[in-house]
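Chemist: PDB, C-alpha atoms, pLDDT in the B column, file run-v1.pdb:
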MODEL        1
ATOM      1  CA  MET B   1      -7.170   1.111   8.158  1.00 93.00           C
ATOM      2  CA  ILE B   2      -8.173  -1.015   5.166  1.00 96.00           C
ATOM      3  CA  THR B   3      -5.919  -3.384   3.213  1.00 95.00           C
ATOM      4  CA  PHE B   4      -5.016  -3.368  -0.471  1.00 96.00           C
ATOM      5  CA  HIS B   5      -7.581  -6.168  -0.912  1.00 95.00           C
ATOM      6  CA  GLN B   6     -10.389  -3.849   0.175  1.00 97.00           C
ATOM      7  CA  ALA B   7      -8.987  -0.910  -1.794  1.00 97.00           C
ATOM      8  CA  LEU B   8      -8.846  -3.013  -4.953  1.00 97.00           C
ATOM      9  CA  GLU B   9     -12.433  -4.190  -4.510  1.00 97.00           C
ATOM     10  CA  ALA B  10     -13.611  -0.602  -4.007  1.00 97.00           C
ATOM     11  CA  ALA B  11     -11.668   0.610  -7.041  1.00 97.00           C
ATOM     12  CA  CYS B  12     -12.927  -2.179  -9.315  1.00 96.00           C
ATOM     13  CA  SER B  13     -16.507  -1.448  -8.273  1.00 96.00           C
ATOM     14  CA  VAL B  14     -16.327   1.952 -10.012  1.00 97.00           C
ATOM     15  CA  VAL B  15     -14.338   0.972 -13.110  1.00 96.00           C
ATOM     16  CA  GLU B  16     -16.870   0.167 -15.820  1.00 90.00           C
ATOM     17  CA  ARG B  17     -14.444  -1.436 -18.241  1.00 87.00           C
ATOM     18  CA  SER B  18     -12.982  -4.931 -17.953  1.00 88.00           C
ATOM     19  CA  GLY B  19     -10.381  -6.867 -19.891  1.00 93.00           C
ATOM     20  CA  PRO B  20      -6.778  -8.029 -19.887  1.00 97.00           C
ATOM     21  CA  GLY B  21      -4.048  -5.741 -18.582  1.00 96.00           C
ATOM     22  CA  ASP B  22      -2.189  -4.797 -15.411  1.00 96.00           C
ATOM     23  CA  LEU B  23      -3.051  -3.584 -11.906  1.00 96.00           C
ATOM     24  CA  VAL B  24      -1.060  -1.625  -9.359  1.00 96.00           C
ATOM     25  CA  VAL B  25      -2.328  -0.895  -5.844  1.00 97.00           C
ATOM     26  CA  GLU B  26      -0.156   1.174  -3.520  1.00 97.00           C
ATOM     27  CA  LEU B  27      -0.615   3.194  -0.361  1.00 96.00           C
ATOM     28  CA  LYS B  28       0.482   6.818  -0.651  1.00 95.00           C
ATOM     29  CA  GLY B  29      -0.120   8.850   2.463  1.00 93.00           C
ATOM     30  CA  GLY B  30      -3.691   8.153   3.569  1.00 95.00           C
ATOM     31  CA  THR B  31      -4.850   7.019   0.139  1.00 98.00           C
ATOM     32  CA  PHE B  32      -4.652   3.775  -1.784  1.00 98.00           C
ATOM     33  CA  ARG B  33      -3.981   4.486  -5.462  1.00 97.00           C
ATOM     34  CA  THR B  34      -5.228   1.778  -7.777  1.00 97.00           C
ATOM     35  CA  THR B  35      -4.223   2.027 -11.421  1.00 96.00           C
ATOM     36  CA  VAL B  36      -5.849  -0.324 -13.908  1.00 96.00           C
ATOM     37  CA  PHE B  37      -4.181  -0.665 -17.305  1.00 95.00           C
ATOM     38  CA  PHE B  38      -6.146  -2.180 -20.196  1.00 96.00           C
ATOM     39  CA  VAL B  39      -4.304  -3.709 -23.173  1.00 95.00           C
ATOM     40  CA  THR B  40      -4.995  -1.922 -26.461  1.00 94.00           C
ATOM     41  CA  ALA B  41      -2.472  -3.712 -28.739  1.00 93.00           C
ATOM     42  CA  GLU B  42      -0.069  -6.682 -28.645  1.00 94.00           C
ATOM     43  CA  ASP B  43       3.043  -4.502 -28.431  1.00 93.00           C
ATOM     44  CA  ARG B  44       1.610  -2.558 -25.458  1.00 92.00           C
ATOM     45  CA  ARG B  45       3.344   0.662 -26.400  1.00 88.00           C
ATOM     46  CA  SER B  46       0.400   2.359 -24.740  1.00 90.00           C
ATOM     47  CA  ASP B  47      -2.461   1.033 -22.639  1.00 93.00           C
ATOM     48  CA  HIS B  48      -5.697   2.667 -21.549  1.00 95.00           C
ATOM     49  CA  ALA B  49      -5.367   3.571 -17.859  1.00 95.00           C
ATOM     50  CA  VAL B  50      -7.852   4.389 -15.114  1.00 97.00           C
ATOM     51  CA  GLU B  51      -6.708   5.600 -11.691  1.00 97.00           C
ATOM     52  CA  VAL B  52      -8.898   5.305  -8.609  1.00 98.00           C
ATOM     53  CA  ALA B  53      -8.108   6.840  -5.209  1.00 98.00           C
ATOM     54  CA  VAL B  54      -9.554   5.096  -2.143  1.00 98.00           C
ATOM     55  CA  ASP B  55      -9.418   6.525   1.385  1.00 98.00           C
ATOM     56  CA  ALA B  56      -7.222   4.215   3.478  1.00 97.00           C
ATOM     57  CA  GLU B  57      -9.305   4.733   6.622  1.00 97.00           C
ATOM     58  CA  SER B  58     -12.892   4.531   5.394  1.00 97.00           C
ATOM     59  CA  GLY B  59     -12.478   2.528   2.175  1.00 97.00           C
ATOM     60  CA  LYS B  60     -14.551   5.071   0.257  1.00 97.00           C
ATOM     61  CA  VAL B  61     -13.688   5.929  -3.328  1.00 98.00           C
ATOM     62  CA  LEU B  62     -12.417   9.519  -3.439  1.00 98.00           C
ATOM     63  CA  THR B  63     -11.750   9.978  -7.159  1.00 97.00           C
ATOM     64  CA  LYS B  64     -11.782   8.100 -10.427  1.00 97.00           C
ATOM     65  CA  GLU B  65      -9.843   9.469 -13.364  1.00 96.00           C
ATOM     66  CA  ALA B  66      -9.500   8.053 -16.866  1.00 94.00           C
ATOM     67  CA  ARG B  67      -5.924   8.706 -17.945  1.00 91.00           C
ATOM     68  CA  GLY B  68      -6.480   7.686 -21.568  1.00 92.00           C
ATOM     69  CA  LEU B  69      -3.633   6.071 -23.451  1.00 91.00           C
ATOM     70  CA  VAL B  70      -0.419   5.997 -21.411  1.00 92.00           C
ATOM     71  CA  ARG B  71       3.042   4.564 -22.019  1.00 85.00           C
ATOM     72  CA  LEU B  72       4.023   1.762 -19.675  1.00 79.00           C
ATOM     73  CA  LEU B  73       7.334   1.866 -17.817  1.00 70.00           C
ATOM     74  CA  GLN B  74       7.911  -1.825 -18.608  1.00 76.00           C
ATOM     75  CA  PRO B  75       5.802  -2.692 -21.651  1.00 76.00           C
ATOM     76  CA  TYR B  76       5.643  -6.486 -21.833  1.00 89.00           C
ATOM     77  CA  PRO B  77       4.094  -7.571 -25.147  1.00 92.00           C
ATOM     78  CA  VAL B  78       1.087  -9.883 -24.968  1.00 95.00           C
ATOM     79  CA  ALA B  79       0.424 -13.062 -26.894  1.00 95.00           C
ATOM     80  CA  GLY B  80      -1.977 -13.294 -29.788  1.00 94.00           C
ATOM     81  CA  GLY B  81      -5.622 -13.706 -28.864  1.00 95.00           C
ATOM     82  CA  TRP B  82      -5.142 -11.400 -25.861  1.00 95.00           C
ATOM     83  CA  ASP B  83      -8.663 -10.010 -26.221  1.00 94.00           C
ATOM     84  CA  LYS B  84      -9.971 -13.363 -24.898  1.00 96.00           C
ATOM     85  CA  PHE B  85      -7.664 -13.410 -21.835  1.00 98.00           C
ATOM     86  CA  LEU B  86      -8.839 -13.154 -18.244  1.00 98.00           C
ATOM     87  CA  SER B  87      -8.792  -9.701 -16.715  1.00 97.00           C
ATOM     88  CA  ALA B  88      -6.076  -8.651 -14.268  1.00 97.00           C
ATOM     89  CA  LYS B  89      -8.698  -8.640 -11.493  1.00 97.00           C
ATOM     90  CA  GLN B  90      -9.672 -12.227 -12.314  1.00 97.00           C
ATOM     91  CA  ALA B  91      -5.993 -13.259 -12.196  1.00 98.00           C
ATOM     92  CA  TYR B  92      -5.649 -11.534  -8.800  1.00 97.00           C
ATOM     93  CA  ASP B  93      -8.732 -13.381  -7.486  1.00 97.00           C
ATOM     94  CA  ILE B  94      -7.295 -16.717  -8.660  1.00 98.00           C
ATOM     95  CA  ALA B  95      -3.913 -15.976  -7.051  1.00 97.00           C
ATOM     96  CA  LEU B  96      -5.578 -14.927  -3.798  1.00 95.00           C
ATOM     97  CA  GLU B  97      -7.571 -18.160  -3.738  1.00 95.00           C
ATOM     98  CA  ALA B  98      -4.332 -20.122  -4.273  1.00 94.00           C
ATOM     99  CA  LEU B  99      -2.957 -18.448  -1.135  1.00 92.00           C
ATOM    100  CA  ARG B 100      -6.014 -19.114   1.014  1.00 88.00           C
ATOM    101  CA  GLY B 101      -4.992 -19.081   4.675  1.00 78.00           C
ATOM    102  CA  PHE B 102      -1.471 -17.846   3.910  1.00 77.00           C
ATOM    103  CA  ARG B 103      -1.006 -14.180   4.841  1.00 74.00           C
ATOM    104  CA  GLU B 104       2.767 -13.837   5.023  1.00 86.00           C
ATOM    105  CA  TYR B 105       2.791 -10.639   3.002  1.00 90.00           C
ATOM    106  CA  ASP B 106       2.172  -6.956   3.649  1.00 90.00           C
ATOM    107  CA  GLU B 107      -1.525  -6.212   3.074  1.00 93.00           C
ATOM    108  CA  ARG B 108      -0.752  -2.503   2.925  1.00 93.00           C
ATOM    109  CA  GLY B 109       2.235  -2.796   0.605  1.00 93.00           C
ATOM    110  CA  ARG B 110       2.401  -2.459  -3.176  1.00 95.00           C
ATOM    111  CA  LEU B 111       0.456  -5.147  -5.026  1.00 97.00           C
ATOM    112  CA  THR B 112       1.098  -5.637  -8.742  1.00 96.00           C
ATOM    113  CA  VAL B 113      -0.523  -7.779 -11.419  1.00 97.00           C
ATOM    114  CA  GLN B 114       1.413  -7.777 -14.698  1.00 96.00           C
ATOM    115  CA  LEU B 115       0.465  -9.475 -17.947  1.00 97.00           C
ATOM    116  CA  ARG B 116       3.554 -10.767 -19.763  1.00 96.00           C
ATOM    117  CA  GLY B 117       2.912 -12.754 -22.931  1.00 96.00           C
ATOM    118  CA  ASP B 118       0.084 -15.011 -21.806  1.00 97.00           C
ATOM    119  CA  VAL B 119       0.951 -15.210 -18.099  1.00 98.00           C
ATOM    120  CA  TYR B 120      -0.131 -12.958 -15.245  1.00 98.00           C
ATOM    121  CA  TYR B 121       2.498 -12.305 -12.566  1.00 97.00           C
ATOM    122  CA  VAL B 122       0.636 -11.497  -9.347  1.00 97.00           C
ATOM    123  CA  THR B 123       3.155 -10.117  -6.860  1.00 96.00           C
ATOM    124  CA  PHE B 124       2.406  -9.727  -3.156  1.00 94.00           C
ATOM    125  CA  PRO B 125       4.709  -7.391  -1.162  1.00 93.00           C
ATOM    126  CA  LEU B 126       7.145  -8.235   1.601  1.00 87.00           C
ATOM    127  CA  ILE B 127       6.364  -7.403   5.201  1.00 84.00           C
ATOM    128  CA  PRO B 128       8.568  -4.432   6.145  1.00 77.00           C
ATOM    129  CA  VAL B 129      11.358  -4.993   8.654  1.00 73.00           C
ATOM    130  CA  ARG B 130      13.044  -2.460  10.886  1.00 68.00           C
ATOM    131  CA  ASP B 131      16.572  -3.697  10.155  1.00 65.00           C
ATOM    132  CA  GLY B 132      17.107  -3.170   6.440  1.00 60.00           C
ATOM    133  CA  GLY B 133      20.792  -4.122   6.540  1.00 60.00           C
ATOM    134  CA  SER B 134      20.488  -7.586   5.054  1.00 65.00           C
ATOM    135  CA  ARG B 135      19.585  -8.606   1.521  1.00 70.00           C
ATOM    136  CA  ARG B 136      15.972  -9.612   0.958  1.00 68.00           C
ATOM    137  CA  ALA B 137      13.793 -10.853  -1.837  1.00 72.00           C
ATOM    138  CA  ASP B 138      11.882  -8.338  -3.989  1.00 77.00           C
ATOM    139  CA  PHE B 139       8.522  -9.820  -3.023  1.00 81.00           C
ATOM    140  CA  ALA B 140       6.888 -12.075  -0.446  1.00 85.00           C
ATOM    141  CA  ILE B 141       4.921 -14.235  -2.873  1.00 92.00           C
ATOM    142  CA  GLN B 142       4.500 -14.306  -6.624  1.00 94.00           C
ATOM    143  CA  VAL B 143       1.822 -16.375  -8.349  1.00 96.00           C
ATOM    144  CA  HIS B 144       1.915 -17.090 -12.085  1.00 98.00           C
ATOM    145  CA  VAL B 145      -1.557 -17.498 -13.600  1.00 98.00           C
ATOM    146  CA  ASP B 146      -2.252 -18.651 -17.169  1.00 98.00           C
ATOM    147  CA  ALA B 147      -4.109 -15.734 -18.784  1.00 98.00           C
ATOM    148  CA  ARG B 148      -6.137 -18.049 -21.013  1.00 97.00           C
ATOM    149  CA  THR B 149      -7.244 -20.744 -18.575  1.00 98.00           C
ATOM    150  CA  GLY B 150      -6.801 -19.269 -15.105  1.00 98.00           C
ATOM    151  CA  LYS B 151      -4.629 -22.202 -14.049  1.00 98.00           C
ATOM    152  CA  VAL B 152      -2.013 -21.463 -11.392  1.00 97.00           C
ATOM    153  CA  MET B 153       1.271 -22.343 -13.068  1.00 97.00           C
ATOM    154  CA  LYS B 154       3.820 -21.457 -10.384  1.00 95.00           C
ATOM    155  CA  LEU B 155       3.898 -20.101  -6.875  1.00 92.00           C
ATOM    156  CA  PHE B 156       7.086 -18.562  -5.495  1.00 86.00           C
ATOM    157  CA  ALA B 157       7.548 -17.599  -1.849  1.00 84.00           C
ATOM    158  CA  ALA B 158      10.485 -15.643  -0.477  1.00 80.00           C
ATOM    159  CA  SER B 159      12.540 -17.319   2.190  1.00 66.00           C
TER     160      SER B 159
ENDMDL
END
Please re-express this file's structure in structure tokens.
Modeler:
Amino acid sequence: MITFHQALEAACSVVERSGPGDLVVELKGGTFRTTVFFVTAEDRRSDHAVEVAVDAESGKVLTKEARGLVRLLQPYPVAGGWDKFLSAKQAYDIALEALRGFREYDERGRLTVQLRGDVYYVTFPLIPVRDGGSRRADFAIQVHVDARTGKVMKLFAAS
């Protein structure tokens, strides 16, 4: 079975467009669903979305569907000059490089990259545990990346 890293690479290889926005990669059944949201306006009342399905066993792209303009569940406005920001994929790559050698997260869990203002929040999922009785953090690691410069601003790890 592939990881969300491989699913994201496969999905991005078939998405022609690039630019600032959000990413969500999650495993549903035997398929990784990657949704790429592209910013269309500062208020982000609606973004352009593309959804790509990748087979979790083979890593092959199954479908690619342009969703058009969609409303976001949590629309975080972006800062002025957003059209010059890094893409969500670039922010993910920077965050992944910052974590080089550190794999204390679930590579088959739900990965998110959210653009809020002028900062990308790259959130890596917790490793599942069998005993869910105790309180846990919402994520394993979260990396904050400056959307203008690509500088890693903060790195949070759950304890």
Chemist: Once the PyMOL selection byres ((chain B and resi 13) around 12) has been applied to the shown file, what residues remain in the selection, as an MDAnalysis selection string?
Modeler: chainID B and resid 6:12 14:18 34 52 54 59:61 64 89
Chemist: Please, could you write that set of residues out with C-alpha atoms as a PDB file, in the frame of the given file?
Modeler:
ATOM      1  CA  GLN B   6     -10.389  -3.849   0.175  1.00 97.00           C
ATOM      2  CA  ALA B   7      -8.987  -0.910  -1.794  1.00 97.00           C
ATOM      3  CA  LEU B   8      -8.846  -3.013  -4.953  1.00 97.00           C
ATOM      4  CA  GLU B   9     -12.433  -4.190  -4.510  1.00 97.00           C
ATOM      5  CA  ALA B  10     -13.611  -0.602  -4.007  1.00 97.00           C
ATOM      6  CA  ALA B  11     -11.668   0.610  -7.041  1.00 97.00           C
ATOM      7  CA  CYS B  12     -12.927  -2.179  -9.315  1.00 96.00           C
ATOM      8  CA  VAL B  14     -16.327   1.952 -10.012  1.00 97.00           C
ATOM      9  CA  VAL B  15     -14.338   0.972 -13.110  1.00 96.00           C
ATOM     10  CA  GLU B  16     -16.870   0.167 -15.820  1.00 90.00           C
ATOM     11  CA  ARG B  17     -14.444  -1.436 -18.241  1.00 87.00           C
ATOM     12  CA  SER B  18     -12.982  -4.931 -17.953  1.00 88.00           C
ATOM     13  CA  THR B  34      -5.228   1.778  -7.777  1.00 97.00           C
ATOM     14  CA  VAL B  52      -8.898   5.305  -8.609  1.00 98.00           C
ATOM     15  CA  VAL B  54      -9.554   5.096  -2.143  1.00 98.00           C
ATOM     16  CA  GLY B  59     -12.478   2.528   2.175  1.00 97.00           C
ATOM     17  CA  LYS B  60     -14.551   5.071   0.257  1.00 97.00           C
ATOM     18  CA  VAL B  61     -13.688   5.929  -3.328  1.00 98.00           C
ATOM     19  CA  LYS B  64     -11.782   8.100 -10.427  1.00 97.00           C
ATOM     20  CA  LYS B  89      -8.698  -8.640 -11.493  1.00 97.00           C
TER      21      LYS B  89
END
Chemist: Carefully work through the PyMOL selection byres ((chain B and resi 36) around 9) for this structure and note down the residues it includes, as number ranges by chain.
Modeler: B: 12, 15, 21-25, 34-35, 37-38, 48-52, 88
Chemist: Rank B:Val122, B:Gly80, B:Ile2, B:Ala158 by their smallest atom-to-atom distance to B:Arg135, using all atoms listed in the file, and report the top residue only.
Modeler: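 Selected residue with least distance to B:Arg135: B:Ala158.
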Chemist: Since I can't run it myself right now, could you work out what the PyMOL selection byres ((chain B and resi 101-103) around 12) selects here and report it as an MDAnalysis selection string?
Modeler: chainID B and resid 3 5 95:100 104:108 124:127 140:141 157
Chemist: Selection from above, C-alpha atoms, as an mmCIF file, in the coordinates of the input, can you write it?
Modeler:
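New file result-v5.cif:
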data_model
loop_
_atom_site.group_PDB
_atom_site.id
_atom_site.type_symbol
_atom_site.label_atom_id
_atom_site.label_comp_id
_atom_site.auth_asym_id
_atom_site.auth_seq_id
_atom_site.Cartn_x
_atom_site.Cartn_y
_atom_site.Cartn_z
ATOM 1 C CA THR B 3 -5.919 -3.384 3.213
ATOM 2 C CA HIS B 5 -7.581 -6.168 -0.912
ATOM 3 C CA ALA B 95 -3.913 -15.976 -7.051
ATOM 4 C CA LEU B 96 -5.578 -14.927 -3.798
ATOM 5 C CA GLU B 97 -7.571 -18.160 -3.738
ATOM 6 C CA ALA B 98 -4.332 -20.122 -4.273
ATOM 7 C CA LEU B 99 -2.957 -18.448 -1.135
ATOM 8 C CA ARG B 100 -6.014 -19.114 1.014
ATOM 9 C CA GLU B 104 2.767 -13.837 5.023
ATOM 10 C CA TYR B 105 2.791 -10.639 3.002
ATOM 11 C CA ASP B 106 2.172 -6.956 3.649
ATOM 12 C CA GLU B 107 -1.525 -6.212 3.074
ATOM 13 C CA ARG B 108 -0.752 -2.503 2.925
ATOM 14 C CA PHE B 124 2.406 -9.727 -3.156
ATOM 15 C CA PRO B 125 4.709 -7.391 -1.162
ATOM 16 C CA LEU B 126 7.145 -8.235 1.601
ATOM 17 C CA ILE B 127 6.364 -7.403 5.201
ATOM 18 C CA ALA B 140 6.888 -12.075 -0.446
ATOM 19 C CA ILE B 141 4.921 -14.235 -2.873
ATOM 20 C CA ALA B 157 7.548 -17.599 -1.849
#
Chemist: Just to confirm, what's the straight-line distance from atom CA of B:Phe156 to atom CA of B:Tyr120 in Å (one decimal)?
Modeler: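 So the answer is 13.4 Å.
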Chemist: Can you tell me, as a PyMOL selection string, what residues are no more than 9 Å from B:Arg45 when counting all atoms listed in the file, ignoring any on the same chain fewer than 5 positions away?
Modeler: chain B and resi 40+70-72+75-77
Chemist: At a cut-off of 7 Å, using all atoms listed in the file, what residues contact B:Met153? Leave out same-chain residues fewer than 6 positions from it and give the result as a list of chain:residue names.
Modeler: B:His144, B:Val145, B:Asp146
Chemist: Between atom CA of B:Pro128 and atom CA of B:Arg33, what distance in Å does the model show, to one decimal?
Modeler: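 Atom CA of B:Arg33 lies 19.3 Å from atom CA of B:Pro128.
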Chemist: So how many Å separate atom CA of B:Gly81 and atom CA of B:Glu65, to one decimal?
Modeler: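 Interatomic distance, atom CA of B:Gly81 to atom CA of B:Glu65: 28.2 Å.
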Chemist: Check the smallest atom-to-atom distance from each of B:Asp43, B:Asp55, B:Asp118, B:Asp138 to B:Leu86 using only C-alpha atoms, then report the winner.
Modeler: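 Nearest candidate to B:Leu86 out of B:Asp43, B:Asp55, B:Asp118, B:Asp138: B:Asp118.
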Chemist: Pick from B:Leu69, B:Ala147, B:Gly30, B:Ala41: nearest to B:Ala91, with all atoms listed in the file counted?
Modeler: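 Closest residue, counting all atoms listed in the file: B:Ala147.
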Chemist: Point out the residue among B:Gly117, B:Leu62, B:Ile94, B:Phe32 with the least atom-to-atom distance to B:Val143, counting only C-alpha atoms.
Modeler: B:Ile94
Chemist: Using all atoms listed in the file, can you tell me which of B:Val78, B:Leu73, B:Val113, B:Val119 comes closest to B:Lys151?
Modeler: B:Val119
Chemist: Between B:Val39, B:Ala53, B:Thr123, B:Tyr92, which residue has the minimum interatomic distance to B:Ala137, considering only C-alpha atoms?
Modeler: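 The answer is B:Thr123, which sits nearest to B:Ala137.
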Chemist: Would you give the centre and edge lengths, in Å to one decimal, of a box along x, y and z around the listed atoms of stretch 13-29 of chain B, with 4 Å added to each side, as AutoDock Vina command-line options?
Modeler:
--center_x -8.2 --center_y 0.4 --center_z -8.7 --size_x 25.4 --size_y 24.9 --size_z 30.4
